[in-house]
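Asker: For reference, this is model.pdb, and it has PDB, C-alpha atoms.
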```pdb
ATOM      1  CA  MET A 656     -33.324 -47.195 -14.222
ATOM      2  CA  GLY A 657     -31.063 -44.383 -15.460
ATOM      3  CA  ARG A 658     -32.004 -40.807 -14.772
ATOM      4  CA  ASP A 659     -31.686 -39.848 -18.441
ATOM      5  CA  ARG A 660     -33.864 -42.718 -19.656
ATOM      6  CA  PHE A 661     -37.137 -41.701 -21.242
ATOM      7  CA  PHE A 662     -38.956 -42.603 -18.058
ATOM      8  CA  LEU A 663     -42.421 -41.053 -18.212
ATOM      9  CA  SER A 664     -44.708 -43.853 -17.092
ATOM     10  CA  ARG A 665     -47.983 -42.082 -17.767
ATOM     11  CA  ILE A 666     -48.796 -39.060 -19.927
ATOM     12  CA  PHE A 667     -52.173 -37.435 -19.324
ATOM     13  CA  PRO A 668     -52.847 -34.831 -22.003
ATOM     14  CA  VAL A 669     -52.764 -35.657 -25.692
ATOM     15  CA  MET A 670     -49.475 -34.134 -26.754
ATOM     16  CA  GLY A 671     -48.695 -32.956 -30.263
ATOM     17  CA  ASN A 672     -46.836 -35.545 -32.278
ATOM     18  CA  ARG A 673     -44.880 -35.925 -35.504
ATOM     19  CA  LEU A 674     -46.228 -39.278 -36.640
ATOM     20  CA  LYS A 675     -47.438 -37.854 -39.948
ATOM     21  CA  PHE A 676     -44.069 -36.195 -40.599
ATOM     22  CA  PHE A 677     -42.098 -39.396 -40.039
ATOM     23  CA  ARG A 678     -44.640 -41.592 -41.869
ATOM     24  CA  GLU A 679     -44.484 -39.390 -44.955
ATOM     25  CA  LYS A 680     -40.705 -39.115 -44.695
ATOM     26  CA  ALA A 681     -40.517 -42.927 -44.715
ATOM     27  CA  ARG A 682     -43.053 -43.014 -47.591
ATOM     28  CA  MET A 683     -45.295 -45.353 -45.644
ATOM     29  CA  THR A 684     -49.031 -45.763 -45.920
ATOM     30  CA  HIS A 685     -51.129 -45.678 -42.758
ATOM     31  CA  GLU A 686     -51.372 -49.452 -42.931
ATOM     32  CA  GLN A 687     -47.598 -49.897 -43.262
ATOM     33  CA  ALA A 688     -46.887 -47.483 -40.414
ATOM     34  CA  GLY A 689     -49.449 -49.200 -38.213
ATOM     35  CA  GLU A 690     -47.908 -52.584 -38.966
ATOM     36  CA  ALA A 691     -44.448 -51.239 -38.084
ATOM     37  CA  MET A 692     -45.819 -50.009 -34.743
ATOM     38  CA  GLY A 693     -47.841 -53.149 -34.090
ATOM     39  CA  VAL A 694     -51.219 -51.398 -34.263
ATOM     40  CA  SER A 695     -54.073 -51.442 -36.754
ATOM     41  CA  ARG A 696     -54.453 -48.920 -39.569
ATOM     42  CA  SER A 697     -57.388 -47.256 -37.808
ATOM     43  CA  GLN A 698     -55.476 -47.064 -34.515
ATOM     44  CA  PHE A 699     -52.519 -45.430 -36.232
ATOM     45  CA  ILE A 700     -54.743 -42.840 -37.906
ATOM     46  CA  LYS A 701     -56.263 -41.916 -34.538
ATOM     47  CA  LEU A 702     -52.799 -41.596 -33.005
ATOM     48  CA  GLU A 703     -51.551 -39.495 -35.907
ATOM     49  CA  ARG A 704     -54.533 -37.151 -35.604
ATOM     50  CA  SER A 705     -54.194 -36.989 -31.789
ATOM     51  CA  GLU A 706     -57.653 -38.530 -31.464
ATOM     52  CA  ARG A 707     -56.140 -41.197 -29.228
ATOM     53  CA  ARG A 708     -53.794 -40.485 -26.322
ATOM     54  CA  LEU A 709     -50.160 -41.007 -27.263
ATOM     55  CA  ASN A 710     -48.866 -42.797 -24.177
ATOM     56  CA  LEU A 711     -45.356 -44.011 -23.423
ATOM     57  CA  ASP A 712     -45.889 -47.390 -25.067
ATOM     58  CA  TYR A 713     -47.037 -45.836 -28.346
ATOM     59  CA  ILE A 714     -44.228 -43.260 -28.274
ATOM     60  CA  GLU A 715     -41.585 -45.958 -27.870
ATOM     61  CA  ARG A 716     -43.184 -48.123 -30.579
ATOM     62  CA  ALA A 717     -43.242 -45.189 -32.993
ATOM     63  CA  ALA A 718     -39.630 -44.305 -32.222
ATOM     64  CA  ALA A 719     -38.566 -47.879 -32.983
ATOM     65  CA  ALA A 720     -40.682 -48.019 -36.150
ATOM     66  CA  PHE A 721     -39.212 -44.828 -37.608
ATOM     67  CA  GLY A 722     -35.686 -45.163 -36.203
ATOM     68  CA  VAL A 723     -35.763 -41.965 -34.152
ATOM     69  CA  SER A 724     -35.727 -41.041 -30.468
ATOM     70  CA  PRO A 725     -38.913 -40.908 -28.357
ATOM     71  CA  ALA A 726     -38.407 -37.154 -27.932
ATOM     72  CA  ASP A 727     -38.437 -36.725 -31.731
ATOM     73  CA  ILE A 728     -41.912 -38.279 -31.908
ATOM     74  CA  ILE A 729     -43.578 -35.658 -29.715
ATOM     75  CA  SER A 730     -41.593 -32.517 -30.451
ATOM     76  CA  ASP A 731     -39.700 -30.869 -33.284
ATOM     77  CA  ASP A 732     -37.584 -29.111 -30.651
ATOM     78  CA  PRO A 733     -36.471 -31.920 -28.334
ATOM     79  CA  ALA A 734     -34.736 -29.671 -25.817
ATOM     80  CA  PRO A 735     -34.854 -31.147 -22.311
ATOM     81  CA  SER A 736     -36.685 -29.557 -19.394
ATOM     82  CA  ASP A 737     -35.928 -29.441 -15.685
ATOM     83  CA  VAL A 738     -38.834 -29.364 -13.240
ATOM     84  CA  PRO A 739     -38.280 -28.291  -9.604
ATOM     85  CA  LEU A 740     -39.365 -30.659  -6.843
ATOM     86  CA  VAL A 741     -41.181 -28.250  -4.523
ATOM     87  CA  GLY A 742     -42.407 -30.539  -1.768
ATOM     88  CA  TYR A 743     -44.423 -33.586  -0.830
ATOM     89  CA  VAL A 744     -48.006 -34.667  -1.327
ATOM     90  CA  GLY A 745     -49.929 -37.040   0.913
ATOM     91  CA  ALA A 746     -51.484 -40.297  -0.244
ATOM     92  CA  GLY A 747     -52.386 -41.531   3.220
ATOM     93  CA  ALA A 748     -49.719 -39.473   4.967
ATOM     94  CA  GLU A 749     -50.641 -35.873   5.767
ATOM     95  CA  VAL A 750     -48.430 -33.122   4.391
ATOM     96  CA  GLN A 751     -48.481 -29.586   5.772
ATOM     97  CA  PRO A 752     -46.861 -27.352   3.103
ATOM     98  CA  GLU A 753     -46.237 -24.448   5.456
ATOM     99  CA  PHE A 754     -43.748 -26.569   7.412
ATOM    100  CA  GLU A 755     -41.650 -27.383   4.352
ATOM    101  CA  GLN A 756     -38.380 -25.542   3.936
ATOM    102  CA  VAL A 757     -38.077 -25.345   0.147
ATOM    103  CA  PRO A 758     -35.311 -23.259  -1.474
ATOM    104  CA  PRO A 759     -36.252 -21.152  -4.539
ATOM    105  CA  GLU A 760     -34.692 -23.691  -6.909
ATOM    106  CA  GLY A 761     -36.627 -26.564  -5.296
ATOM    107  CA  LEU A 762     -35.509 -29.595  -3.303
ATOM    108  CA  ASP A 763     -34.278 -31.338  -6.446
ATOM    109  CA  GLN A 764     -34.510 -31.022 -10.224
ATOM    110  CA  ILE A 765     -36.443 -33.600 -12.245
ATOM    111  CA  HIS A 766     -34.961 -34.043 -15.716
ATOM    112  CA  ILE A 767     -37.463 -34.463 -18.570
ATOM    113  CA  PRO A 768     -35.802 -35.197 -21.943
ATOM    114  CA  PHE A 769     -38.210 -33.075 -24.018
ATOM    115  CA  PRO A 770     -40.049 -29.726 -23.809
ATOM    116  CA  LEU A 771     -43.133 -29.437 -21.630
ATOM    117  CA  PRO A 772     -46.412 -27.763 -22.661
ATOM    118  CA  GLY A 773     -46.450 -25.356 -19.714
ATOM    119  CA  GLU A 774     -44.794 -24.393 -16.449
ATOM    120  CA  MET A 775     -44.607 -27.454 -14.214
ATOM    121  CA  ILE A 776     -43.689 -28.310 -10.637
ATOM    122  CA  ALA A 777     -43.084 -31.689  -9.033
ATOM    123  CA  PHE A 778     -44.182 -33.357  -5.797
ATOM    124  CA  GLN A 779     -43.039 -36.599  -4.211
ATOM    125  CA  ILE A 780     -45.753 -38.911  -2.878
ATOM    126  CA  ARG A 781     -45.854 -39.964   0.764
ATOM    127  CA  GLY A 782     -48.180 -42.797   1.734
ATOM    128  CA  ASP A 783     -49.945 -45.652  -0.034
ATOM    129  CA  SER A 784     -53.668 -44.849   0.091
ATOM    130  CA  MET A 785     -53.823 -44.452  -3.709
ATOM    131  CA  LEU A 786     -52.291 -47.800  -4.674
ATOM    132  CA  PRO A 787     -51.847 -49.344  -7.183
ATOM    133  CA  VAL A 788     -51.378 -46.262  -9.414
ATOM    134  CA  TYR A 789     -49.642 -43.966  -6.922
ATOM    135  CA  ARG A 790     -46.879 -45.509  -4.811
ATOM    136  CA  ASP A 791     -44.899 -44.036  -1.952
ATOM    137  CA  GLY A 792     -41.862 -42.207  -3.331
ATOM    138  CA  MET A 793     -43.200 -41.680  -6.853
ATOM    139  CA  VAL A 794     -42.975 -38.201  -8.361
ATOM    140  CA  LEU A 795     -45.914 -36.266  -9.811
ATOM    141  CA  ILE A 796     -45.390 -33.614 -12.486
ATOM    142  CA  VAL A 797     -48.154 -31.021 -12.102
ATOM    143  CA  TYR A 798     -49.122 -27.768 -13.814
ATOM    144  CA  ARG A 799     -48.047 -24.924 -11.526
ATOM    145  CA  GLU A 800     -51.149 -22.807 -12.122
ATOM    146  CA  GLN A 801     -54.724 -24.054 -11.931
ATOM    147  CA  LYS A 802     -56.150 -23.186 -15.338
ATOM    148  CA  ARG A 803     -59.312 -25.294 -15.277
ATOM    149  CA  PRO A 804     -62.456 -24.733 -13.188
ATOM    150  CA  ALA A 805     -63.060 -26.952 -10.174
ATOM    151  CA  GLU A 806     -65.892 -28.737 -11.990
ATOM    152  CA  TRP A 807     -63.426 -30.114 -14.549
ATOM    153  CA  PHE A 808     -61.656 -32.086 -11.810
ATOM    154  CA  PHE A 809     -64.770 -33.930 -10.598
ATOM    155  CA  GLY A 810     -64.117 -37.647 -10.990
ATOM    156  CA  ARG A 811     -60.439 -37.044 -11.770
ATOM    157  CA  GLU A 812     -57.252 -37.511  -9.781
ATOM    158  CA  ALA A 813     -55.422 -34.325  -8.847
ATOM    159  CA  VAL A 814     -53.072 -32.786  -6.347
ATOM    160  CA  VAL A 815     -55.223 -30.746  -3.978
ATOM    161  CA  ARG A 816     -54.377 -28.176  -1.314
ATOM    162  CA  THR A 817     -57.148 -27.634   1.200
ATOM    163  CA  GLU A 818     -58.001 -24.439   3.059
ATOM    164  CA  ASP A 819     -56.521 -25.867   6.273
ATOM    165  CA  GLY A 820     -53.107 -26.151   4.591
ATOM    166  CA  ARG A 821     -52.945 -29.881   3.892
ATOM    167  CA  ARG A 822     -51.923 -31.288   0.509
ATOM    168  CA  PHE A 823     -52.995 -34.624  -0.975
ATOM    169  CA  VAL A 824     -53.249 -36.601  -4.185
ATOM    170  CA  LYS A 825     -56.884 -37.720  -4.365
ATOM    171  CA  THR A 826     -59.830 -38.297  -6.657
ATOM    172  CA  ILE A 827     -62.041 -35.207  -6.490
ATOM    173  CA  MET A 828     -65.694 -36.159  -6.050
ATOM    174  CA  ARG A 829     -68.499 -33.770  -6.930
ATOM    175  CA  GLY A 830     -69.955 -31.771  -4.066
ATOM    176  CA  ASN A 831     -69.867 -28.457  -2.242
ATOM    177  CA  PRO A 832     -67.785 -28.955  -0.175
ATOM    178  CA  ALA A 833     -66.026 -31.668  -2.154
ATOM    179  CA  THR A 834     -65.133 -35.191  -1.059
ATOM    180  CA  LEU A 835     -61.560 -36.389  -1.567
ATOM    181  CA  TYR A 836     -61.597 -40.082  -2.388
ATOM    182  CA  SER A 837     -58.781 -42.594  -1.796
ATOM    183  CA  THR A 838     -58.481 -46.101  -3.178
ATOM    184  CA  ASN A 839     -57.361 -47.651   0.114
ATOM    185  CA  ALA A 840     -58.396 -45.201   2.833
ATOM    186  CA  PRO A 841     -61.574 -43.510   4.103
ATOM    187  CA  PRO A 842     -62.639 -40.450   2.081
ATOM    188  CA  ILE A 843     -62.012 -36.939   3.336
ATOM    189  CA  GLU A 844     -65.413 -35.271   3.417
ATOM    190  CA  ASN A 845     -66.341 -31.578   3.455
ATOM    191  CA  ALA A 846     -62.994 -30.604   1.963
ATOM    192  CA  VAL A 847     -62.549 -27.080   0.616
ATOM    193  CA  PRO A 848     -59.815 -27.047  -2.058
ATOM    194  CA  VAL A 849     -57.992 -23.754  -2.573
ATOM    195  CA  TRP A 850     -55.821 -25.125  -5.381
ATOM    196  CA  LEU A 851     -56.171 -28.116  -7.697
ATOM    197  CA  GLY A 852     -53.083 -29.289  -9.530
ATOM    198  CA  GLU A 853     -53.685 -31.008 -12.857
ATOM    199  CA  ILE A 854     -51.400 -34.044 -13.055
ATOM    200  CA  PHE A 855     -49.316 -34.213 -16.214
ATOM    201  CA  ALA A 856     -47.246 -37.330 -15.532
ATOM    202  CA  ILE A 857     -46.234 -39.907 -12.933
ATOM    203  CA  LEU A 858     -42.547 -40.771 -12.622
ATOM    204  CA  PRO A 859     -40.778 -43.498 -10.644
ATOM    205  CA  ARG A 860     -38.799 -42.460  -7.579
ATOM    206  CA  GLU A 861     -35.584 -43.156  -9.528
ATOM    207  CA  SER A 862     -36.212 -39.943 -11.466
ATOM    208  CA  LEU A 863     -34.898 -38.069  -8.423
ATOM    209  CA  GLY A 864     -31.207 -37.323  -8.560
ATOM    210  CA  ASN A 865     -30.615 -39.049  -5.227
ATOM    211  CA  GLY A 866     -32.880 -41.999  -6.036
ATOM    212  CA  GLY A 867     -35.621 -40.785  -3.671
TER     213      GLY A 867
END
```
Represent the supplied structure as structure tokens.
Answerer:
Amino acid sequence: MGRDRFFLSRIFPVMGNRLKFFREKARMTHEQAGEAMGVSRSQFIKLERSERRLNLDYIERAAAAFGVSPADIISDDPAPSDVPLVGYVGAGAEVQPEFEQVPPEGLDQIHIPFPLPGEMIAFQIRGDSMLPVYRDGMVLIVYREQKRPAEWFFGREAVVRTEDGRRFVKTIMRGNPATLYSTNAPPIENAVPVWLGEIFAILPRESLGNGG
């Protein structure tokens, strides 16, 4: 898998898109555009209005239908972005951030072929307690600043740093203190998160310049 390939395997937030622009440019009806993408008329309308999440599959279908690049579908300014890899996150393995020696520019730069909706950082996963979604060596793109309250993360997966300095990718379960749930490992109970990182995307390990 080439580093410059449009490799986002999962996109979490609903991103702005240009489906309406390209549909009208092609003089297509909603039904015609949906047929070109292989979706129903109602599905296309929801995608166009951002009422349904525009994931990688839909982005690539739309790009093929309208004869443009995937980056064109989600941005009118398809300038690439570079995200610094700032460390590791445990999914079974424990990671102590204070022991990491990370230069200001990061351990590596993750190339994203379109603009991002905010300042991001990247972590590489160590461990396999969150299989099948999160595999050892995969890269998580995360918002640098926590902008949502802790309650928003309940029931969601996130990168979490606890007060004792450990960092994990876990499902955050409601409670005070919280419980950090793993798919294939015992939960971590009575955890006190000091930072919760909202996950924007999951990338394969090949997205690293050195292949991971």
Asker: Find, counting all atoms listed in the file, the residue in A:Pro848, A:Gly782, A:Pro739, A:Pro787 that gets nearest to Gly820 of chain A.
Answerer: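 Among the listed residues, the smallest separation from Gly820 of chain A belongs to A:Pro848.
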Asker: Pick the closest to Asp737 of chain A from A:Gly830, A:Pro804, A:Gly852, A:Gly761: which is it, counting all atoms listed in the file?
Answerer: A:Gly761
Asker: Given the file shown, enumerate the residues that the PyMOL selection byres ((chain A and resi 816) around 7) captures and present them as a PyMOL selection string.
Answerer: chain A and resi 814-815+817-818+820-823+848-851
Asker: So which one's closest to Phe778 of chain A, A:Glu844, A:Phe699, A:Phe721, A:Ala856? Using only C-alpha atoms, please.
Answerer: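 Of A:Glu844, A:Phe699, A:Phe721, A:Ala856, the one nearest Phe778 of chain A is A:Ala856, counting only C-alpha atoms.
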Asker: Once the PyMOL selection byres ((chain A and resi 685) around 10) has been evaluated on this model, what residues remain selected, and can you format them as an MDAnalysis selection string?
Answerer: chainID A and resid 675 678:679 682:684 686:691 695:700 703
Asker: What does the PyMOL selection byres ((chain A and resi 744-749) around 6) select in this file, as a PDB file with C-alpha atoms, keeping the file's coordinate frame?
Answerer:
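selection.pdb was written with the following content:
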```pdb
ATOM      1  CA  TYR A 743     -44.423 -33.586  -0.830  1.00  0.00           C
ATOM      2  CA  VAL A 750     -48.430 -33.122   4.391  1.00  0.00           C
ATOM      3  CA  ILE A 780     -45.753 -38.911  -2.878  1.00  0.00           C
ATOM      4  CA  ARG A 781     -45.854 -39.964   0.764  1.00  0.00           C
ATOM      5  CA  GLY A 782     -48.180 -42.797   1.734  1.00  0.00           C
ATOM      6  CA  ASP A 783     -49.945 -45.652  -0.034  1.00  0.00           C
ATOM      7  CA  SER A 784     -53.668 -44.849   0.091  1.00  0.00           C
ATOM      8  CA  MET A 785     -53.823 -44.452  -3.709  1.00  0.00           C
ATOM      9  CA  ARG A 822     -51.923 -31.288   0.509  1.00  0.00           C
ATOM     10  CA  PHE A 823     -52.995 -34.624  -0.975  1.00  0.00           C
ATOM     11  CA  VAL A 824     -53.249 -36.601  -4.185  1.00  0.00           C
TER      12      VAL A 824
END
```
Asker: What is the atom CA of Tyr798 of chain A to atom CA of Glu774 of chain A distance in Å?
Answerer: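 A separation of 6.1 Å between them.
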Asker: Between A:Ser736, A:Pro859, A:Asn845, A:Asn672, single out the one closest to Leu709 of chain A, counting only C-alpha atoms.
Answerer: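 For Leu709 of chain A, the nearest of the candidates is A:Asn672.
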Asker: So what do you get for atom CA of Gly722 of chain A versus atom CA of Phe677 of chain A, distance-wise?
Answerer: 9.4 Å
Asker: As an exercise, work out the distance from atom CA of Gln779 of chain A to atom CA of Leu740 of chain A in Å and give it to one decimal place.
Answerer: 7.5 Å
Asker: Which polymer residues have any atom within 10 Å of an atom of Ile714 of chain A, counting all atoms listed in the file, with same-chain residues fewer than 4 positions away left out, as number ranges by chain?
Answerer: A: 672, 674, 692, 702, 709-710, 718-720, 724-729
Asker: Using all atoms of segment 683-699 of chain A that appear in the file, construct an axis-aligned enclosing box with 3 Å of padding on every side and provide its centre coordinates and edge lengths in Å, rounded to one decimal, as JSON.
Answerer:
```
{"center_x": -50.9, "center_y": -49.3, "center_z": -40.0, "size_x": 18.9, "size_y": 13.8, "size_z": 17.8}
```
Asker: Identify, on the basis of only C-alpha atoms, every residue whose closest approach to Ile776 of chain A does not exceed 6 Å; exclude the query and any residue fewer than 6 positions from it along the same chain; express the result as a VMD selection string.
Answerer: chain A and resid 738 to 739 796 to 797 799
Asker: With only C-alpha atoms as the basis for distance, which of A:Lys701, A:Thr838, A:Ile765, A:Val694 is at the shortest distance from Arg790 of chain A?
Answerer: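 When distances to Arg790 of chain A are compared using only C-alpha atoms, the smallest one comes from A:Thr838.
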Asker: Using all atoms listed in the file, find the one residue out of A:Asp712, A:Arg803, A:Val794, A:Tyr789 that sits nearest to Lys825 of chain A.
Answerer: A:Tyr789
